[in-house]
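First up is the structure itself, then whatever we jot down about it.
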Amino acid sequence: MARLFPQIICGFFGVVLFVLYFLKAPSAKSLYLTITSDYWQIIFAFALLVGVASFIRVNIKKLSILSESPYVITGLLGLFAMPVMALVWGIKGDSPFMWVFENVQVPLQATVFALLAFFVASASLRGFKARSLPATILLISALIALLSRSDIFGWLGNSALEFSEWIRSYPSMSARRGILIGIGLGSVTTSLRIILGIERTWLGKDR
Amino acid sequence: MDPGTIVAGILTIAILSFLYGDNPVYKMAETLLVGVSMGYVLVITWTNTLMAVLFKPLFLESQFWLVIPFIFGLFMFGRFHKSTSFLSRYSMAVLIGSGAGVAIPAMLGARTLRQMTATVEMVQGDSFLTIFSGLVVVVGLFSTLSYFYFSREHEGIMGRSAKVGTYFLMIFFGTTFGYTVMSRVSTFIGRMDFLLSDFLHLTN
Amino acid sequence: MNSTQSRHLAFAGLFIVVTVTMLLDISIVATVSNETKRMFDYLDNLPDSSVIIVSFDHEASSLPEMKPLGLVMLRHLFAKDHKLIGVALLAEGTGVGYRLMQETAKEYNKEYGRDYVFLGFKPQFIAAILSMGESIKGTFPEDYLGNATSQIELLSDVNNYDDVAAVVSLADGSLTTHWIEYGNEKYGVQISAAVAAAMLTTYDPYISSGQLKAMVGGLRGAAEYENLLGIGGSGARSMLAQSSAHLYIILLIIIGNFTYFRSRKKG
């Protein structure tokens, strides 16, 4: 029963939403939006709260490890400071909340992301080798893309740039289209399997 | 100098210190980022969703039907205890079921059929290059699809087609790698631009 | 040379190349690609004073790349006197989007509420896109500043996508796909995008099928767009560093392959 009822609810919502997508009646549209907008938003918001609560629980457990405690305290301080600031001064315009977002979160996040440039450089040196025909094609395509976007003074010439654009717009695009269609067909079959109750991995294991 | 710039500059250098190796300063900055990001999303979700979509309409405007998603939401907390963990399956059932129902028409229409139609249309044209390019796309698409078709052994024509598909995939991955390099380098340039101009005043 | 040393060397090289070229502080007028030109022409040919949704679909992590792109888009749209509706489909786009619109609006003497409005963040992007297709004011009863959207002058004649000429999605990930698959497919609204360079190849099939009208990508795209607008900016200022870094990565690939083939020959 613990697995059957959720499956029935899942199938019911799947069929209803599928049918509602095509209906033009205002009441059908309204129901469609109620589920996709309000239901989804609210359940996801609670899922986020569960995630935050888990984060706090795991970190409080880690507090007893002396070497970890400074980091745990920093993380928790960051987590609690944001809601407190939002509660006291609000979140709009020049509030302290936005100050922390702009001067702490944005630079930290952007710099973590910027580190990837270095790992890409390192990978180019150590891993990007013409070991086989497919690897050579990969390498040449990357070189063409990089070279074409390095041209700032027009020294590559128009035909070279056009060739690089052709590679992207035709052979490269066709493979991406294949992946896209593959994902599309895969999503449709997985969705059908979920609705029909064949795919049940989302239910997890019985504890 | 503006205190915000000083803080942002120090934190930028703290993260960049990871390039030399993992160190306490980087770790501190990293955990601060995790905490602050989570706090930010928590606040935005509270104000934009829980207050705006649930609590205000439910308690101030008496939209009582919101009790249903509210209950499904509360069920998510069931995950914290063994005896109540089954409750969260009901919330997941709503999300996964309705998500699947919404995905089918979108995936079939916008993704599969429209892309197929566009491929066939590309073969039409009045110049050799247009028709040739269109044929390249047709060959690329079908060989890529055959590479991902695992219900049959990759032997004979199927095997050869899958092999050609690998080459097309390599062209795509290589081109994407090139553009990814561009993207990551741009992000680093942006941070260096901030450090050199705003923080250190070495450039304008 | 062991692996740690070679990694540190690759790191140091990139750091030096970017720092030195940035210190030279040279702005370069980038040659314009066909892709950027198409995006420029598409936006330029929209009727003046059209209502356009600018969707900030990116996170803070990609801001160094997305900010220059966002700025050129907003500058072009404000210069053409379009009426802009800002929204954010990712939480972090909220603060960023409002600031960018506010700063750019000042440059063009645009008034909040009449020439532009920022509606803020709506969680669950698919739901938000579908919901705006029925009613924009219903989806956002209040704007980012807490004003009732029913009282905002710009929105008085705007109900849903039927009253919107185009959507410009500023994305560092796959959110533009949802604009295409739900906004365009179900409601027929025209979608164009300014995306992180890494996402350009992802969207190529949509450009080819016409589901995405036009797109521009990366810092290089921003620099080319600045060129078309006839203005300077961080795109042009970064082009020397960008191109030098590309050439440095090409050099690393060549060195890596040279040592690989040499060791294979010896082995």
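Every chain in the structure tokens takes a letter, A first, then B, and so on in the order presented; its residues are numbered from 1, and the ligands are numbered from 1 following the presented order.
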
Kindly provide, as a VMD selection string, the residues of chain A having any atom no farther than 6 Å from an atom of chain C, counting only C-alpha atoms. chain A and resid 36 to 37 41 106 109 to 110 113 118 121 to 122 124 to 126 129 150 152 173 177

Please identify all polymer residues within 12 Å of A:Leu48, counting only C-alpha atoms, omitting same-chain residues fewer than 5 positions from it, and present them as a PyMOL selection string. (chain A and resi 41-43+53-55) or (chain B and resi 38-46+49-50+73-74+76-77) or (chain C and resi 123)

Selection near A:Asn103, 12 Å with only C-alpha atoms, sequence-local residues under 3 positions removed, as JSON, numbers by chain: {"A": [94, 96, 97, 98, 99, 100, 106, 107, 108, 109, 110], "B": [2, 3, 4, 5, 6, 7, 8, 9, 10, 11, 12, 33, 36, 194], "C": [60, 95, 96]}

Residues of chain C near chain B: apply a cut-off of 7 Å, count only C-alpha atoms, and supply the list as an mmCIF file with N, CA, C and O atoms, in the first residue's frame.
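Okay, iface_17.cif is ready:
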data_model
loop_
_atom_site.group_PDB
_atom_site.id
_atom_site.type_symbol
_atom_site.label_atom_id
_atom_site.label_comp_id
_atom_site.auth_asym_id
_atom_site.auth_seq_id
_atom_site.Cartn_x
_atom_site.Cartn_y
_atom_site.Cartn_z
ATOM 1 N N VAL C 18 46.807 36.231 -19.106
ATOM 2 C CA VAL C 18 45.623 37.078 -18.897
ATOM 3 C C VAL C 18 45.998 38.376 -18.170
ATOM 4 O O VAL C 18 45.585 39.475 -18.563
ATOM 5 N N LEU C 23 46.688 44.150 -18.229
ATOM 6 C CA LEU C 23 47.420 45.340 -17.788
ATOM 7 C C LEU C 23 47.727 46.278 -18.959
ATOM 8 O O LEU C 23 47.864 47.484 -18.779
ATOM 9 N N ASP C 25 45.720 47.076 -21.090
ATOM 10 C CA ASP C 25 44.525 47.924 -21.119
ATOM 11 C C ASP C 25 44.200 48.451 -22.532
ATOM 12 O O ASP C 25 44.026 49.654 -22.732
ATOM 13 N N SER C 62 28.236 33.039 -13.453
ATOM 14 C CA SER C 62 28.615 33.384 -14.824
ATOM 15 C C SER C 62 28.525 34.881 -15.088
ATOM 16 O O SER C 62 28.582 35.320 -16.238
ATOM 17 N N PRO C 64 30.579 37.429 -14.823
ATOM 18 C CA PRO C 64 31.588 38.115 -15.641
ATOM 19 C C PRO C 64 31.315 37.993 -17.142
ATOM 20 O O PRO C 64 31.711 38.849 -17.911
ATOM 21 N N GLU C 65 30.674 36.920 -17.561
ATOM 22 C CA GLU C 65 30.369 36.733 -18.971
ATOM 23 C C GLU C 65 28.979 37.279 -19.305
ATOM 24 O O GLU C 65 28.767 37.851 -20.382
ATOM 25 N N ALA C 91 16.820 32.304 -9.007
ATOM 26 C CA ALA C 91 16.814 33.201 -7.849
ATOM 27 C C ALA C 91 17.930 34.248 -7.922
ATOM 28 O O ALA C 91 17.720 35.419 -7.605
ATOM 29 N N LYS C 122 10.449 34.250 -10.235
ATOM 30 C CA LYS C 122 9.346 33.298 -10.085
ATOM 31 C C LYS C 122 9.951 31.899 -10.078
ATOM 32 O O LYS C 122 10.603 31.513 -11.058
ATOM 33 N N GLU C 181 10.531 25.528 -25.694
ATOM 34 C CA GLU C 181 9.632 24.366 -25.684
ATOM 35 C C GLU C 181 8.271 24.645 -25.043
ATOM 36 O O GLU C 181 7.329 23.888 -25.269
ATOM 37 N N TYR C 182 8.188 25.658 -24.237
ATOM 38 C CA TYR C 182 6.893 25.977 -23.629
ATOM 39 C C TYR C 182 6.368 27.334 -24.119
ATOM 40 O O TYR C 182 5.238 27.430 -24.567
ATOM 41 N N GLU C 185 6.477 27.069 -28.253
ATOM 42 C CA GLU C 185 5.682 25.957 -28.786
ATOM 43 C C GLU C 185 4.196 26.103 -28.427
ATOM 44 O O GLU C 185 3.323 25.913 -29.252
ATOM 45 N N ALA C 196 25.866 32.226 -22.543
ATOM 46 C CA ALA C 196 27.283 31.982 -22.279
ATOM 47 C C ALA C 196 27.847 31.204 -23.456
ATOM 48 O O ALA C 196 27.155 30.359 -24.039
ATOM 49 N N ALA C 197 29.123 31.458 -23.797
ATOM 50 C CA ALA C 197 29.708 30.835 -24.995
ATOM 51 C C ALA C 197 29.600 29.311 -24.960
ATOM 52 O O ALA C 197 29.367 28.674 -25.984
ATOM 53 N N ALA C 198 29.736 28.748 -23.756
ATOM 54 C CA ALA C 198 29.694 27.287 -23.638
ATOM 55 C C ALA C 198 28.360 26.706 -24.086
ATOM 56 O O ALA C 198 28.272 25.523 -24.401
ATOM 57 N N THR C 201 26.731 25.971 -28.817
ATOM 58 C CA THR C 201 26.519 24.777 -29.655
ATOM 59 C C THR C 201 25.254 24.014 -29.228
ATOM 60 O O THR C 201 24.645 23.336 -30.043
ATOM 61 N N SER C 209 16.298 25.294 -36.757
ATOM 62 C CA SER C 209 14.871 24.989 -36.959
ATOM 63 C C SER C 209 13.996 26.240 -36.915
ATOM 64 O O SER C 209 12.796 26.162 -37.165
ATOM 65 N N GLY C 218 28.720 34.760 -25.411
ATOM 66 C CA GLY C 218 30.015 34.964 -24.790
ATOM 67 C C GLY C 218 30.496 36.400 -24.781
ATOM 68 O O GLY C 218 29.861 37.307 -25.319
ATOM 69 N N LEU C 219 31.663 36.550 -24.166
ATOM 70 C CA LEU C 219 32.275 37.865 -24.055
ATOM 71 C C LEU C 219 32.625 38.390 -25.454
ATOM 72 O O LEU C 219 32.495 39.580 -25.741
ATOM 73 N N SER C 238 38.294 43.336 -23.052
ATOM 74 C CA SER C 238 38.792 41.997 -22.697
ATOM 75 C C SER C 238 39.241 41.183 -23.894
ATOM 76 O O SER C 238 39.735 40.070 -23.721
ATOM 77 N N GLN C 242 41.267 37.664 -24.058
ATOM 78 C CA GLN C 242 40.496 36.488 -24.479
ATOM 79 C C GLN C 242 41.230 35.749 -25.613
ATOM 80 O O GLN C 242 41.439 34.538 -25.534
#

Between atom CA of A:Ala28 and atom CA of B:Pro69 - distance in Å to one decimal: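 Atom CA of A:Ala28 lies 18.3 Å from atom CA of B:Pro69.
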